Number of protein chains: 2
Amino acid sequence: MTNNTSLRVLPNRRHLPGNDAAVVAPAGIAQCHTACSGCNLRELCRPCCGMTRAEKEIAARLAFVRSRIRRGDALYRYGDRFSYLYAVRNGFFKSIAMLENGREQVTGFSMAGEVLGLDGVAPERHACNAVALEDSEVCAIPFAGLQELAQEIPALQRHFYKTMSREIEREHGMMLQLGSMNAEERLAMFLLDLSRRFAARGYSRSEFHLRMTREEIGSYLGLKFETVSRTFSKFQEEGLIGVQQKFVSIQDSAGLQQVLCRNAN
Amino acid sequence: MTNNTSLRVLPNRRHLPGNDAAVVAPAGIAQCHTACSGCNLRELCRPCCGMTRAEKEIAARLAFVRSRIRRGDALYRYGDRFSYLYAVRNGFFKSIAMLENGREQVTGFSMAGEVLGLDGVAPERHACNAVALEDSEVCAIPFAGLQELAQEIPALQRHFYKTMSREIEREHGMMLQLGSMNAEERLAMFLLDLSRRFAARGYSRSEFHLRMTREEIGSYLGLKFETVSRTFSKFQEEGLIGVQQKFVSIQDSAGLQQVLCRNAN
DNA sequence: CGGAACTTTGACACATATCAAAGTGTGTGG
DNA sequence: CCACACACTTTGATATGTGTCAAAGTTCCG
C-alpha cells in the first residue's frame with residue numbers, strides 16, 4: 001500500500017530519557033535530492049524569488065530527506081537533539097510545549113508549507129513535541145547544511161531570518177490572544193486564522209474539517225474543552241458558523257470578525 | 001548634566017502615519033565605533049567565544065550607534081521602518097504589541113544585555129512600540145550591516161540564529177504562562193524570572209525595584225492591575241515576598257517556586 | 001502645597017472552570 | 001457485518017477566580 005521507493009515511515013520512537021543518539025532520520029530513510037517542483041512549501045524551501053540560477057544549483061546540493069509520519073506519531077520529542085528543520089509537505093501537526101512541573105500546552109498547529117522545529121535552534125534540543133494529527137509527509141532539512149548554504153546565498157539567509165521573525169510575530173499574536181481576549185474572541189480568531197491558511201493553500205476558505213479535538217483547541221487557546229464546545233454552539237446559534245463534529249463551515253466571516261471588535265476596550 | 005561628546009539624546013518622535021523617512025538614528029547622533037569593552041551585552045554583540053582575531057577585526061567595521069532614551073520616550077514605534085536592532089546597554093524597556101482594534105498588550109520587558117527589535121525582521125517594520133521605563137542607553141546595530149557581516153563570520157551567524165530562537169523559546173514560555181496558569185502562578189513566574197535576570201547581571205537576586213507599574217505587569221501577564229496588587233499582597237501575607245510599592249524583596253524563593261507546582265494538574 | 005498617577009482594599013458581578021451525565025461517532029475484534 | 005468499547009462532544013448545574021466598580025491611601029513631582 002505504501003510506496004517505499006522514495007518514502008519510508010519514521011518509526012514511532014518512544015522518548016527515553018537520555019536516548020538521543022537515535023535521532024530523527026534513521027539510516028533507513030532514503031535520501032532523495034528532490035527538485036521540490038510541485039512542492040507547495042511556501043516558507044523555507046522556496047526563496048526562488050531572489051535566487052539566481054547559480055544559487056539554485058547550489059541549493060540543489062542540500063539533501064532534503066522526505067519522510068512520512070503516521071497519525072499520532074511524533075516527528076520529534078522534547079529533548080531530542082536538534083538536527084533538522086521540517087517543512088510540512090502535507091498533513092497536519094500539533095506542537096506541544098512542556099513546563100517543568102509536567103504541565104503541557106499546544107503551542108501551534110502546522111499545515112502544508114509551514115516550518116516546524118525552529119524552537120530547537122538555540123538550545124540545540126527540541127523544546128516541544130511535534131505530533132502528526134493525520135498521516136503526513138515532511139521534508140527534513142539538515143540545519144547544519146542550511147546554515148552553510150545560507151552563508152553562501154544571502155537571499156536564503158534573509159529568507160531564513162524572516163521565517164524566524166515571522167514565528168516571533170505569530171507568537172506575539174498568540175500572547176495578545178491569550179492575554180487579553182475572552183473565549184469568543186479567541187475562537188473567532190482561531191477560526192479566521194485557519195480559514196485564511198486553508199485558503200492560502202488552495203482549499204476552501206469557508207468549509208474545512210478540523211484535524212484537532214476540542215481539547216487540543218482548548219489547550220491552544222487557553223480554554224477548557226467544554227468552553228470551546230459551548231462557544232462553537234453559540235456561534236452556530238448566532239448563524240456565524242455551522243458545526244458538525246469536526247466539520248466547520250464559516251457562514252458569516254464578517255460576523256466572526258465583528259466578534260473581535262464588539263468586546264474591544 | 002548630560003555628556004554630549006559621544007552620546008546624544010534621541011528626540012522624542014511622535015509617530016506620524018506615513019512618516020518613516022526620519023528613522024531611528026538622526027544625522028545628529030554621533031557615530032562611535034565602540035570597542036564594546038566594558039559593555040555588558042551578553043547576547044548579540046559578544047560572540048567572542050567563537051571569533052578569531054581576524055573576525056574580531058572585521059566586527060570592528062560594524063558601526064554601533066549609541067544613544068540615550070529618556071524615561072517615557074519610545075525607542076521605536078509601531079510601523080517604523082526596521083533598520084536597527086538595539087542592544088540595551090543599561091536601563092529598562094517595555095515592548096507593547098497592538099492589535100487592529102486598538103487593543104494593546106505589553107509583550108516583554110528588556111534590560112541591560114538584551115536585544116530589542118527582532119519583531120521587525122520579517123515585516124521590515126516594527127510590530128510594536130518599545131518604550132523606556134527609565135533613562136536608558138542602547139547600541140543601535142544596523143541590521144543590514146549585521147547581515148553582511150554574518151555572511152562572512154559563521155560564528156556570528158549562528159549566534160544571531162540563537163538569539164532569535166531564544167526569543168521564540170521565551171514566547172513559548174509566555175504562552176504557557178498565559179494559557180494555563182492562574183494569577184498566583186503567573187506572578188510567581190514573573191518575579192522569579194526578574195530575579196534570575198537581575199542576578200545574571202550582577203544585581204541582587206533577592207531585592208530589586210520594579211521599573212514597571214502594576215498595570216504594566218498586569219498587561220504582560222494577562223491580568224487586571226487590581227489582581228496583580230491583590231496577589232502581591234497575598235504573597236506578602238504568606239511571607240514569600242516583601243513589597244513596598246516598587247521595591248520587592250524575595251524572602252522565600254523556594255516557596256515561590258512551589259506556587260508553580262501546587263496547582264499543577 | 002496641590003494634583004496627578006499609582007496602589008491598595010472592599011463589595012459585587014460575571015465569565016469560565018468544574019463536575020456530571022447523556023449523546024454521538026469511530027474503530028476493532030469477534 | 002455487528003457489537004462493543006472508547007474517545008470525543010454536547011449540555012446542564014454549580015463553583016470559583018478574576019474582572020469591574022468604587023473609594024481611600026500613598027507616593028511622586030511640579
# chains A, B, ... in the order shown; residues from 1 in each chain; ligands from 1
$ select_by_dssp --residues "segment 114-208 of chain B" --states "strand (DSSP E)" --output "list of chain:residue names"
B:Val115, B:Leu116, B:Cys128, B:Asn129, B:Ala130, B:Val131, B:Ala132, B:Leu133, B:Glu134, B:Asp135, B:Ser136, B:Glu137, B:Val138, B:Cys139, B:Ala140, B:Ile141, B:Pro142, B:Glu207, B:Phe208
$ write_last_selection --atoms "N, CA and C atoms" --output "compact mmCIF listing (two decimals), in the first residue's frame"
# COMPACT_ATOMS: atom_id res chain seq x y z
N VAL B 115 18.36 42.07 23.72
CA VAL B 115 18.20 42.63 22.38
C VAL B 115 16.75 43.00 22.12
N LEU B 116 16.56 44.14 21.52
CA LEU B 116 15.23 44.62 21.20
C LEU B 116 15.08 44.79 19.68
N CYS B 128 5.85 46.54 17.14
CA CYS B 128 5.42 47.02 18.44
C CYS B 128 6.16 48.30 18.82
N ASN B 129 5.71 48.92 19.88
CA ASN B 129 6.39 50.07 20.46
C ASN B 129 7.38 49.59 21.50
N ALA B 130 8.54 50.21 21.54
CA ALA B 130 9.48 49.96 22.64
C ALA B 130 9.66 51.27 23.38
N VAL B 131 9.33 51.27 24.66
CA VAL B 131 9.33 52.50 25.45
C VAL B 131 10.24 52.33 26.66
N ALA B 132 11.05 53.34 26.92
CA ALA B 132 11.97 53.28 28.05
C ALA B 132 11.20 53.50 29.35
N LEU B 133 11.42 52.63 30.33
CA LEU B 133 10.78 52.79 31.63
C LEU B 133 11.68 53.53 32.61
N GLU B 134 12.92 53.75 32.20
CA GLU B 134 13.81 54.64 32.94
C GLU B 134 14.82 55.17 31.93
N ASP B 135 15.55 56.19 32.27
CA ASP B 135 16.55 56.70 31.34
C ASP B 135 17.48 55.56 30.97
N SER B 136 17.70 55.39 29.67
CA SER B 136 18.38 54.19 29.20
C SER B 136 19.37 54.52 28.09
N GLU B 137 20.26 53.58 27.85
CA GLU B 137 21.17 53.70 26.72
C GLU B 137 21.11 52.42 25.90
N VAL B 138 21.14 52.57 24.59
CA VAL B 138 21.15 51.40 23.72
C VAL B 138 22.28 51.53 22.70
N CYS B 139 22.69 50.39 22.16
CA CYS B 139 23.51 50.36 20.96
C CYS B 139 22.60 50.04 19.81
N ALA B 140 22.54 50.91 18.82
CA ALA B 140 21.77 50.61 17.62
C ALA B 140 22.69 49.90 16.63
N ILE B 141 22.29 48.71 16.25
CA ILE B 141 23.12 47.90 15.36
C ILE B 141 22.45 47.84 14.01
N PRO B 142 23.05 48.41 12.98
CA PRO B 142 22.39 48.41 11.67
C PRO B 142 22.20 46.98 11.19
N GLU B 207 16.55 41.31 46.06
CA GLU B 207 15.98 42.64 46.28
C GLU B 207 16.15 43.47 45.02
N PHE B 208 15.07 44.01 44.54
CA PHE B 208 15.18 44.88 43.37
C PHE B 208 13.96 45.77 43.34
$ closest_atom_pairs --of "chain C" --to "chain B" --cutoff "10 Å" --atoms "only C-alpha atoms (C1' of nucleotides)" --output "Markdown table"
| residue | atom | partner | partner_atom | distance |
| --- | --- | --- | --- | --- |
| C:DC6 | C1' | B:Thr213 | CA | 7.5 |
| C:DT7 | C1' | B:Ser229 | CA | 7.3 |
| C:DT8 | C1' | B:Ser229 | CA | 7.1 |
| C:DT9 | C1' | B:Arg230 | CA | 8.3 |
$ interface_residues --of "chain B" --to "chain A" --cutoff "6 Å" --atoms "only C-alpha atoms" --output "list in words"
Asp119, Val121, Ala122, Gln151, Lys162, Ser165, Arg166, Ile168, Met175, Leu178, Gly179, Ser180 and Gly222 of chain B
$ closest_residue --among "B:Ala183, B:Ile69, B:Met111, B:Met189" --to "chain D" --atoms "only C-alpha atoms (C1' of nucleotides)"
B:Ala183
$ closest_residue --among "D:DT27, D:DA15, D:DA22, D:DA3" --to "chain B" --atoms "only C-alpha atoms (C1' of nucleotides)"
D:DT27
$ interface_residues --of "chain D" --to "chain B" --cutoff "9 Å" --atoms "only C-alpha atoms (C1' of nucleotides)" --output "compact mmCIF listing (two decimals) with C-alpha atoms (C1' of nucleotides), in the first residue's frame"
# COMPACT_ATOMS: atom_id res chain seq x y z
C1' DG D 17 -11.28 33.03 40.12
C1' DT D 18 -10.80 37.16 38.17
C1' DG D 19 -12.92 41.37 36.44
C1' DT D 26 0.24 56.59 49.13
C1' DT D 27 3.95 58.45 46.53
$ residues_around --residues "DA13 of chain D" --least-positions-apart "5" --cutoff "12 Å" --atoms "only C-alpha atoms (C1' of nucleotides)" --output "PyMOL selection string"
chain C and resi 18-21
$ write_last_selection --atoms "N, CA and C atoms (P, O5', C5', C4', C3', O3' and C1' of nucleotides)" --output "PDB file, in the first residue's frame"
ATOM      1  P    DT C  18     -10.609  23.770  36.074  1.00  0.00           P
ATOM      2  O5'  DT C  18     -11.900  23.117  36.736  1.00  0.00           O
ATOM      3  C5'  DT C  18     -12.326  23.572  38.008  1.00  0.00           C
ATOM      4  C4'  DT C  18     -13.577  22.814  38.409  1.00  0.00           C
ATOM      5  C3'  DT C  18     -13.473  21.292  38.238  1.00  0.00           C
ATOM      6  O3'  DT C  18     -13.775  20.713  39.497  1.00  0.00           O
ATOM      7  C1'  DT C  18     -15.503  22.116  37.334  1.00  0.00           C
ATOM      8  P    DC C  19     -13.448  19.139  39.752  1.00  0.00           P
ATOM      9  O5'  DC C  19     -14.909  18.491  39.644  1.00  0.00           O
ATOM     10  C5'  DC C  19     -15.964  19.047  40.425  1.00  0.00           C
ATOM     11  C4'  DC C  19     -17.301  18.483  39.970  1.00  0.00           C
ATOM     12  C3'  DC C  19     -17.279  16.979  39.654  1.00  0.00           C
ATOM     13  O3'  DC C  19     -18.358  16.377  40.357  1.00  0.00           O
ATOM     14  C1'  DC C  19     -18.298  18.176  37.911  1.00  0.00           C
ATOM     15  P    DA C  20     -18.560  14.769  40.331  1.00  0.00           P
ATOM     16  O5'  DA C  20     -19.745  14.617  39.275  1.00  0.00           O
ATOM     17  C5'  DA C  20     -20.893  15.439  39.410  1.00  0.00           C
ATOM     18  C4'  DA C  20     -21.838  15.202  38.247  1.00  0.00           C
ATOM     19  C3'  DA C  20     -21.882  13.750  37.754  1.00  0.00           C
ATOM     20  O3'  DA C  20     -23.242  13.339  37.679  1.00  0.00           O
ATOM     21  C1'  DA C  20     -21.605  15.229  35.950  1.00  0.00           C
ATOM     22  P    DA C  21     -23.584  11.755  37.583  1.00  0.00           P
ATOM     23  O5'  DA C  21     -24.454  11.730  36.252  1.00  0.00           O
ATOM     24  C5'  DA C  21     -25.377  12.797  36.004  1.00  0.00           C
ATOM     25  C4'  DA C  21     -25.706  12.806  34.536  1.00  0.00           C
ATOM     26  C3'  DA C  21     -25.787  11.403  33.912  1.00  0.00           C
ATOM     27  O3'  DA C  21     -26.899  11.339  33.058  1.00  0.00           O
ATOM     28  C1'  DA C  21     -24.344  12.750  32.660  1.00  0.00           C
TER      29       DA C  21
END
$ residues_around --residues "Ile250 of chain A" --least-positions-apart "6" --cutoff "7 Å" --atoms "only C-alpha atoms (C1' of nucleotides)" --output "ChimeraX atom specification"
/A:206-207,240-242
$ atom_distance --atom1 "atom CA of Ser195 of chain B" --atom2 "atom CA of Gly113 of chain B"
15.1 Å
$ atom_distance --atom1 "atom CA of Leu194 of chain A" --atom2 "atom CA of Ser110 of chain A"
10.2 Å
$ residues_around --residues "DG29 of chain C" --least-positions-apart "2" --cutoff "12 Å" --atoms "only C-alpha atoms (C1' of nucleotides)" --output "JSON, numbers by chain"
{"C": [27], "D": [1, 2, 3, 4, 5]}
$ atom_distance --atom1 "atom CA of Gly117 of chain B" --atom2 "atom CA of Val88 of chain A"
28.5 Å
